[in-house]
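Engineer: mmCIF, C-alpha atoms and all ligand atoms, saved as upload_30.cif, coming up:
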```cif
data_start
loop_
_atom_site.group_PDB
_atom_site.id
_atom_site.type_symbol
_atom_site.label_atom_id
_atom_site.label_comp_id
_atom_site.auth_asym_id
_atom_site.auth_seq_id
_atom_site.Cartn_x
_atom_site.Cartn_y
_atom_site.Cartn_z
ATOM 1 C CA MET W 294 45.418 -50.422 33.168
ATOM 2 C CA SER W 295 45.329 -47.979 36.017
ATOM 3 C CA GLU W 296 43.282 -47.735 39.189
ATOM 4 C CA THR W 297 40.896 -44.823 39.731
ATOM 5 C CA LYS W 298 42.493 -41.586 40.940
ATOM 6 C CA ASP W 299 41.046 -39.837 44.008
ATOM 7 C CA PHE W 300 40.691 -36.236 42.850
ATOM 8 C CA ASN W 301 39.348 -35.208 46.299
ATOM 9 C CA LYS W 302 42.935 -34.953 47.531
ATOM 10 C CA VAL W 303 43.917 -32.362 44.929
ATOM 11 C CA ALA W 304 40.741 -30.266 44.881
ATOM 12 C CA LEU W 305 41.806 -27.480 47.237
ATOM 13 C CA ASN W 306 44.985 -26.708 45.272
ATOM 14 C CA TRP W 307 43.638 -27.533 41.801
ATOM 15 C CA ASP W 308 43.411 -23.917 40.626
ATOM 16 C CA ASP W 309 46.936 -23.042 41.804
ATOM 17 C CA LYS W 310 48.553 -24.222 38.566
ATOM 18 C CA PRO W 311 48.312 -21.465 35.930
ATOM 19 C CA ARG W 312 48.511 -24.016 33.122
ATOM 20 C CA ARG W 313 45.186 -25.499 34.236
ATOM 21 C CA VAL W 314 43.545 -22.079 34.319
ATOM 22 C CA GLU W 315 44.952 -21.235 30.852
ATOM 23 C CA LEU W 316 43.842 -24.566 29.407
ATOM 24 C CA ALA W 317 40.303 -24.166 30.751
ATOM 25 C CA ALA W 318 40.055 -20.659 29.291
ATOM 26 C CA ALA W 319 41.220 -21.987 25.910
ATOM 27 C CA VAL W 320 38.701 -24.844 25.973
ATOM 28 C CA ALA W 321 35.932 -22.394 26.878
ATOM 29 C CA GLU W 322 36.981 -20.114 24.013
ATOM 30 C CA GLY W 323 36.878 -23.101 21.646
ATOM 31 C CA ILE W 324 33.365 -23.913 22.850
ATOM 32 C CA ARG W 325 32.313 -20.295 22.275
ATOM 33 C CA GLN W 326 33.629 -20.508 18.708
ATOM 34 C CA ALA W 327 31.989 -23.863 17.949
ATOM 35 C CA VAL W 328 28.635 -23.539 19.723
ATOM 36 C CA PRO W 329 26.155 -20.654 19.471
ATOM 37 C CA LEU W 330 25.728 -20.078 23.208
ATOM 38 C CA SER W 331 22.700 -18.303 24.604
ATOM 39 C CA GLU W 332 21.227 -17.442 27.970
ATOM 40 C CA THR W 333 18.353 -19.823 27.235
ATOM 41 C CA MET W 334 20.692 -22.829 27.364
ATOM 42 C CA ASP W 335 20.985 -25.338 30.187
ATOM 43 C CA ALA W 336 24.305 -27.169 30.121
ATOM 44 C CA LEU W 337 26.077 -30.013 31.904
ATOM 45 C CA ASP W 338 29.818 -30.021 32.640
ATOM 46 C CA PHE W 339 30.922 -33.639 33.053
ATOM 47 C CA GLY W 340 34.000 -34.006 35.272
ATOM 48 C CA CYS W 341 33.775 -30.325 36.129
ATOM 49 C CA GLY W 342 36.579 -30.352 38.692
ATOM 50 C CA THR W 343 36.607 -26.932 40.328
ATOM 51 C CA GLY W 344 34.545 -25.513 37.465
ATOM 52 C CA LEU W 345 37.462 -23.898 35.636
ATOM 53 C CA VAL W 346 35.800 -24.276 32.218
ATOM 54 C CA THR W 347 32.319 -23.574 33.546
ATOM 55 C CA PHE W 348 33.206 -20.239 35.142
ATOM 56 C CA ASN W 349 34.341 -19.042 31.701
ATOM 57 C CA LEU W 350 30.932 -19.887 30.203
ATOM 58 C CA LEU W 351 28.448 -19.383 32.998
ATOM 59 C CA THR W 352 27.264 -15.874 32.202
ATOM 60 C CA ALA W 353 26.596 -16.897 28.572
ATOM 61 C CA LEU W 354 24.273 -19.720 29.674
ATOM 62 C CA ARG W 355 21.142 -20.013 31.780
ATOM 63 C CA GLN W 356 22.351 -22.709 34.101
ATOM 64 C CA VAL W 357 25.029 -25.381 34.403
ATOM 65 C CA LEU W 358 24.811 -28.722 36.179
ATOM 66 C CA ALA W 359 28.367 -29.412 37.310
ATOM 67 C CA VAL W 360 28.959 -33.168 37.642
ATOM 68 C CA ASP W 361 31.981 -34.830 39.204
ATOM 69 C CA SER W 362 32.828 -38.036 41.055
ATOM 70 C CA ALA W 363 34.918 -36.085 43.607
ATOM 71 C CA GLU W 364 32.838 -34.324 46.279
ATOM 72 C CA GLN W 365 35.702 -31.997 47.213
ATOM 73 C CA MET W 366 35.906 -30.727 43.629
ATOM 74 C CA LEU W 367 32.182 -29.939 43.810
ATOM 75 C CA GLU W 368 32.637 -28.216 47.171
ATOM 76 C CA VAL W 369 35.294 -25.907 45.686
ATOM 77 C CA THR W 370 33.003 -25.235 42.712
ATOM 78 C CA ARG W 371 30.144 -24.257 45.049
ATOM 79 C CA GLU W 372 32.408 -21.974 47.092
ATOM 80 C CA LYS W 373 33.663 -20.230 43.949
ATOM 81 C CA ALA W 374 30.109 -19.802 42.645
ATOM 82 C CA ALA W 375 28.964 -18.264 45.932
ATOM 83 C CA ALA W 376 31.969 -15.920 46.043
ATOM 84 C CA ALA W 377 31.268 -14.781 42.465
ATOM 85 C CA GLY W 378 27.554 -14.242 43.155
ATOM 86 C CA LEU W 379 26.729 -16.944 40.581
ATOM 87 C CA ALA W 380 25.305 -19.622 42.876
ATOM 88 C CA ASP W 381 21.902 -19.368 41.211
ATOM 89 C CA ARG W 382 23.431 -20.378 37.858
ATOM 90 C CA ILE W 383 25.185 -23.538 38.957
ATOM 91 C CA GLU W 384 24.028 -26.785 40.509
ATOM 92 C CA THR W 385 26.327 -29.617 41.484
ATOM 93 C CA CYS W 386 25.841 -33.370 41.192
ATOM 94 C CA LEU W 387 28.041 -36.073 42.691
ATOM 95 C CA SER W 388 28.343 -39.003 40.294
ATOM 96 C CA ASP W 389 29.521 -42.563 40.844
ATOM 97 C CA HIS W 390 32.045 -42.501 37.956
ATOM 98 C CA GLN W 391 29.211 -43.023 35.470
ATOM 99 C CA PHE W 392 27.214 -40.460 33.586
ATOM 100 C CA PRO W 393 24.228 -39.631 35.881
ATOM 101 C CA THR W 394 21.614 -41.483 33.864
ATOM 102 C CA HIS W 395 18.968 -40.990 36.576
ATOM 103 C CA LEU W 396 18.539 -37.412 35.352
ATOM 104 C CA SER W 397 15.199 -36.908 33.673
ATOM 105 C CA ARG W 398 16.386 -33.583 32.230
ATOM 106 C CA ARG W 399 17.883 -33.058 28.794
ATOM 107 C CA PHE W 400 20.567 -30.456 28.125
ATOM 108 C CA ASP W 401 21.202 -27.915 25.383
ATOM 109 C CA MET W 402 24.914 -28.575 25.731
ATOM 110 C CA ILE W 403 27.039 -31.204 27.454
ATOM 111 C CA TYR W 404 30.732 -30.455 27.663
ATOM 112 C CA SER W 405 33.763 -31.971 29.296
ATOM 113 C CA SER W 406 37.451 -31.150 29.459
ATOM 114 C CA MET W 407 40.355 -33.466 30.270
ATOM 115 C CA VAL W 408 38.103 -36.231 31.577
ATOM 116 C CA LEU W 409 37.865 -38.784 28.765
ATOM 117 C CA HIS W 410 41.387 -40.089 29.338
ATOM 118 C CA HIS W 411 40.336 -40.966 32.900
ATOM 119 C CA ILE W 412 37.472 -43.190 31.694
ATOM 120 C CA ALA W 413 38.265 -46.809 30.905
ATOM 121 C CA THR W 414 35.398 -47.590 28.540
ATOM 122 C CA LEU W 415 34.401 -44.553 26.567
ATOM 123 C CA GLU W 416 31.613 -45.631 24.205
ATOM 124 C CA PRO W 417 28.839 -46.152 26.833
ATOM 125 C CA MET W 418 29.759 -42.809 28.453
ATOM 126 C CA ILE W 419 29.522 -40.935 25.153
ATOM 127 C CA GLN W 420 26.285 -42.736 24.316
ATOM 128 C CA ALA W 421 24.804 -41.608 27.656
ATOM 129 C CA MET W 422 25.862 -38.036 26.929
ATOM 130 C CA VAL W 423 24.181 -38.116 23.511
ATOM 131 C CA ASP W 424 21.047 -39.611 25.087
ATOM 132 C CA HIS W 425 20.876 -36.637 27.468
ATOM 133 C CA LEU W 426 21.038 -33.963 24.765
ATOM 134 C CA ALA W 427 17.883 -32.065 23.949
ATOM 135 C CA PRO W 428 16.999 -31.921 20.233
ATOM 136 C CA GLY W 429 19.425 -29.427 18.697
ATOM 137 C CA GLY W 430 21.739 -29.794 21.683
ATOM 138 C CA TYR W 431 25.522 -29.824 21.406
ATOM 139 C CA LEU W 432 28.163 -32.233 22.693
ATOM 140 C CA ALA W 433 31.614 -30.642 23.156
ATOM 141 C CA LEU W 434 34.465 -32.840 24.393
ATOM 142 C CA ALA W 435 38.022 -31.635 24.900
ATOM 143 C CA ASP W 436 41.041 -33.757 25.735
ATOM 144 C CA LEU W 437 44.655 -34.446 24.909
ATOM 145 C CA ASP W 438 45.479 -35.760 21.490
ATOM 146 C CA ARG W 439 47.244 -39.109 21.537
ATOM 147 C CA GLU W 440 50.446 -38.593 23.501
ATOM 148 C CA ASP W 441 53.674 -40.429 24.268
ATOM 149 C CA GLY W 442 52.569 -41.577 27.742
ATOM 150 C CA HIS W 443 54.686 -39.006 29.563
ATOM 151 C CA PHE W 444 52.091 -36.238 29.981
ATOM 152 C CA HIS W 445 51.092 -37.194 33.517
ATOM 153 C CA ASP W 446 53.616 -37.088 36.353
ATOM 154 C CA ASP W 447 51.346 -39.527 38.205
ATOM 155 C CA PRO W 448 49.771 -42.144 35.921
ATOM 156 C CA THR W 449 47.132 -43.176 38.497
ATOM 157 C CA GLY W 450 43.692 -43.078 36.907
ATOM 158 C CA VAL W 451 44.993 -42.557 33.394
ATOM 159 C CA PHE W 452 43.333 -45.105 31.124
ATOM 160 C CA HIS W 453 44.287 -43.574 27.771
ATOM 161 C CA HIS W 454 47.396 -41.749 26.609
ATOM 162 C CA GLY W 455 45.282 -39.081 24.989
ATOM 163 C CA ILE W 456 42.339 -39.704 22.691
ATOM 164 C CA ASP W 457 42.336 -40.146 18.926
ATOM 165 C CA ARG W 458 40.250 -37.197 17.730
ATOM 166 C CA GLN W 459 39.437 -38.972 14.439
ATOM 167 C CA TRP W 460 38.030 -41.889 16.408
ATOM 168 C CA LEU W 461 36.004 -39.490 18.564
ATOM 169 C CA MET W 462 34.598 -37.718 15.507
ATOM 170 C CA ALA W 463 33.621 -41.062 13.966
ATOM 171 C CA THR W 464 31.988 -42.083 17.256
ATOM 172 C CA PHE W 465 29.947 -38.860 17.337
ATOM 173 C CA GLN W 466 28.786 -39.558 13.777
ATOM 174 C CA GLU W 467 27.958 -43.201 14.518
ATOM 175 C CA LEU W 468 25.802 -42.000 17.422
ATOM 176 C CA GLY W 469 23.861 -39.750 15.067
ATOM 177 C CA LEU W 470 25.388 -36.368 15.793
ATOM 178 C CA ILE W 471 25.635 -33.937 12.893
ATOM 179 C CA GLU W 472 27.914 -30.980 12.120
ATOM 180 C CA VAL W 473 30.816 -32.835 13.733
ATOM 181 C CA THR W 474 33.995 -30.771 13.800
ATOM 182 C CA ALA W 475 37.368 -30.855 15.546
ATOM 183 C CA ARG W 476 39.787 -28.067 16.323
ATOM 184 C CA THR W 477 42.991 -27.650 18.283
ATOM 185 C CA VAL W 478 42.272 -25.303 21.167
ATOM 186 C CA HIS W 479 45.507 -25.305 23.131
ATOM 187 C CA THR W 480 49.045 -26.615 23.384
ATOM 188 C CA ILE W 481 50.502 -27.556 26.766
ATOM 189 C CA VAL W 482 54.282 -27.309 27.041
ATOM 190 C CA LYS W 483 56.008 -29.562 29.570
ATOM 191 C CA GLN W 484 59.640 -30.229 30.369
ATOM 192 C CA ARG W 485 60.379 -33.868 29.706
ATOM 193 C CA GLN W 486 63.877 -35.380 29.956
ATOM 194 C CA GLY W 487 65.431 -31.915 29.695
ATOM 195 C CA GLU W 488 63.466 -30.957 26.601
ATOM 196 C CA GLU W 489 60.229 -29.159 25.866
ATOM 197 C CA GLN W 490 57.425 -31.512 24.886
ATOM 198 C CA TYR W 491 54.266 -30.210 23.245
ATOM 199 C CA TYR W 492 50.874 -31.719 24.026
ATOM 200 C CA THR W 493 47.958 -30.509 21.931
ATOM 201 C CA VAL W 494 44.388 -30.392 23.217
ATOM 202 C CA PHE W 495 41.457 -30.846 20.834
ATOM 203 C CA LEU W 496 37.802 -29.948 21.050
ATOM 204 C CA VAL W 497 35.358 -32.152 19.138
ATOM 205 C CA THR W 498 31.812 -30.860 18.821
ATOM 206 C CA GLY W 499 28.619 -32.249 17.330
ATOM 207 C CA LYS W 500 24.926 -31.475 17.325
ATOM 208 C CA ARG W 501 21.909 -33.627 17.962
ATOM 209 C CA SER W 502 19.444 -33.201 15.130
HETATM 210 C C1 LIG Z 1 41.814 -33.582 34.905
HETATM 211 S S1 LIG Z 1 40.449 -33.115 35.902
HETATM 212 C C2 LIG Z 1 39.658 -31.896 34.866
HETATM 213 C C3 LIG Z 1 38.752 -30.991 35.641
HETATM 214 C C4 LIG Z 1 38.083 -29.892 34.835
HETATM 215 N N1 LIG Z 1 37.260 -30.430 33.775
HETATM 216 C C5 LIG Z 1 39.087 -28.931 34.282
HETATM 217 O O1 LIG Z 1 39.188 -28.808 33.061
HETATM 218 O O2 LIG Z 1 39.765 -28.264 35.080
HETATM 219 C C6 LIG Z 1 39.376 -34.503 35.761
HETATM 220 C C7 LIG Z 1 38.104 -34.388 36.578
HETATM 221 O O3 LIG Z 1 37.209 -35.411 36.166
HETATM 222 C C8 LIG Z 1 36.682 -36.051 37.296
HETATM 223 N N2 LIG Z 1 36.393 -37.433 36.888
HETATM 224 C C9 LIG Z 1 37.283 -38.373 36.534
HETATM 225 N N3 LIG Z 1 36.643 -39.506 36.194
HETATM 226 C C10 LIG Z 1 35.322 -39.244 36.338
HETATM 227 C C11 LIG Z 1 34.156 -40.010 36.140
HETATM 228 N N4 LIG Z 1 34.214 -41.286 35.723
HETATM 229 N N5 LIG Z 1 32.958 -39.445 36.386
HETATM 230 C C12 LIG Z 1 32.886 -38.158 36.811
HETATM 231 N N6 LIG Z 1 33.957 -37.372 37.024
HETATM 232 C C13 LIG Z 1 35.169 -37.917 36.781
HETATM 233 C C14 LIG Z 1 37.737 -35.924 38.380
HETATM 234 O O4 LIG Z 1 37.202 -36.049 39.681
HETATM 235 C C15 LIG Z 1 38.305 -34.546 38.074
HETATM 236 O O5 LIG Z 1 37.629 -33.546 38.769
#
```
Please lay out the structure from this file as structure tokens.

Structural biologist:
Amino acid sequence: MSETKDFNKVALNWDDKPRRVELAAAVAEGIRQAVPLSETMDALDFGCGTGLVTFNLLTALRQVLAVDSAEQMLEVTREKAAAAGLADRIETCLSDHQFPTHLSRRFDMIYSSMVLHHIATLEPMIQAMVDHLAPGGYLALADLDREDGHFHDDPTGVFHHGIDRQWLMATFQELGLIEVTARTVHTIVKQRQGEEQYYTVFLVTGKRS
């Protein structure tokens, strides 16, 4: 098992890699296809990073609470929101590596991209997300499918080599979510040992009844 990674150190340059920007746009497009978004919806982005997914969705929602355990990621998110004139649509919340269960609010959508594989014990985290959905609210989780262990150049903070989407769908159903679906939203191509390796990214969605 791996120690926790300090994402503060990479926050300032996070958006420099086009593959991250492309992936976030693809995840956001998948969410748009799976979830009927509206400007009445309040959402939570768990492990928001610099808000790459959120900035693709923000104008289709009322407000987003952007949660991350790295303060520097949140700082970049706030700066981008201010520069885009969207600061009134986004709030930030520093978490302690757990889902922020002190929140008394419930959300019309909770989404997350490329975070699950950084979380050692997933079931309590997903349970907390479900508990914080408003009735009729959606959970939308994107991550790598199970991979060969070579996706990350630096394995620090990587607790899972991708996530089994069938397991995630079953977990959603066990926790009472309905209309559970999975789709492939993107494929990341990396050079590994002189060859192209393909890493697919799924989006699993479900609805609280
Ligand atoms: C791979 S980045 C993805 C960032 C963003 N979702 C995106 O798609 O660009 C993972 C993010 O999750 C955050 N993170 C990792 N573990 C976390 C945890 N237990 N609680 C909250 N945030 C976490 C990191 O600080 C980092 O910003």

Engineer: Could you tell me how far atom C15 of ligand LIG 1 (chain Z) sits from CA of Asp441 in chain W, in Å to one decimal place?

Structural biologist: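 Here the two named atoms are 21.5 Å from each other.
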
Engineer: Going by the chain IDs and residue numbers used in this file, which residues fall under the PyMOL selection byres (((chain W and resi 431) around 7) and not hetatm)? Write them as an MDAnalysis selection string.

Structural biologist: chainID W and resid 401:403 426 429:430 432:433 498:501

Engineer: Let me see if you get this right: every residue at most 9 Å from ligand LIG 1 (chain Z), counting all atoms listed in the file, written as a PyMOL selection string.

Structural biologist: chain W and resi 297-301+303-304+307-308+313-314+316-317+320+338-347+360-367+387-393+404-413+418+435+450

Engineer: Pick from W:Ala327, W:Phe452, W:Ala421, W:Gly442: nearest to Glu472 in chain W, with all atoms listed in the file counted?

Structural biologist: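 Answer, going by the shortest atom-to-atom distance: W:Ala327.
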
Engineer: Let me know the residues the PyMOL selection byres (((chain W and resi 333) around 8) and not hetatm) catches in the file above, as an MDAnalysis selection string.

Structural biologist: chainID W and resid 331:332 334:335 354:355

Engineer: Considering all atoms listed in the file, state which residue in the set W:Gln486, W:Phe400, W:Asp424, W:Phe495 is at the smallest distance from Arg439 in chain W.

Structural biologist: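 Comparing W:Gln486, W:Phe400, W:Asp424, W:Phe495 against Arg439 in chain W, the winner is W:Phe495.
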
Engineer: Figure out the distance between CA of Asp438 in chain W and CA of Ala319 in chain W, please, to one decimal in Å.

Structural biologist: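 So the two atoms, CA of Ala319 in chain W and CA of Asp438 in chain W, lie 15.1 Å apart.
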
Engineer: Starting from the PyMOL selection byres (((chain W and resi 485) around 12) and not hetatm), expand the selection into actual residues of this file and give them as a PyMOL selection string.

Structural biologist: chain W and resi 441-446+482-484+486-492

Engineer: Mind giving me the straight-line distance from CA of Leu350 in chain W to CA of Leu330 in chain W in Å, one decimal?

Structural biologist: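 Between CA of Leu350 in chain W and CA of Leu330 in chain W the gap works out to 8.7 Å.
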
Engineer: As JSON, what would the box around range 446-456 of chain W look like: edges along x, y and z, 4 Å added on every side, centre and edge lengths in Å to one decimal?

Structural biologist:
```
{"center_x": 48.0, "center_y": -41.1, "center_z": 30.6, "size_x": 19.3, "size_y": 16.0, "size_z": 23.8}
```

Engineer: Please list as a PDB file with C-alpha atoms, keeping the file's coordinate frame every residue within 9 Å of Ala475 in chain W, counting only C-alpha atoms and excluding residues in the same chain fewer than 3 positions away.

Structural biologist:
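Contents of selection.pdb, as written:
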```pdb
ATOM      1  CA  ARG W 458      40.250 -37.197  17.730  1.00  0.00           C
ATOM      2  CA  GLN W 459      39.437 -38.972  14.439  1.00  0.00           C
ATOM      3  CA  MET W 462      34.598 -37.718  15.507  1.00  0.00           C
ATOM      4  CA  PHE W 495      41.457 -30.846  20.834  1.00  0.00           C
ATOM      5  CA  LEU W 496      37.802 -29.948  21.050  1.00  0.00           C
ATOM      6  CA  VAL W 497      35.358 -32.152  19.138  1.00  0.00           C
ATOM      7  CA  THR W 498      31.812 -30.860  18.821  1.00  0.00           C
TER       8      THR W 498
END
```

Engineer: Looking at all atoms listed in the file, which of W:Leu437, W:Val369, W:Leu337, W:Arg382 is the one that sits closest to His425 in chain W?

Structural biologist: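 Closest to His425 in chain W of all the choices is W:Leu337.
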
Engineer: Looking at all atoms listed in the file, which of W:Ser502, W:Thr394, W:Asn349, W:Thr480 is the one that sits closest to Leu379 in chain W?

Structural biologist: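 When distances to Leu379 in chain W are compared using all atoms listed in the file, the smallest one comes from W:Asn349.
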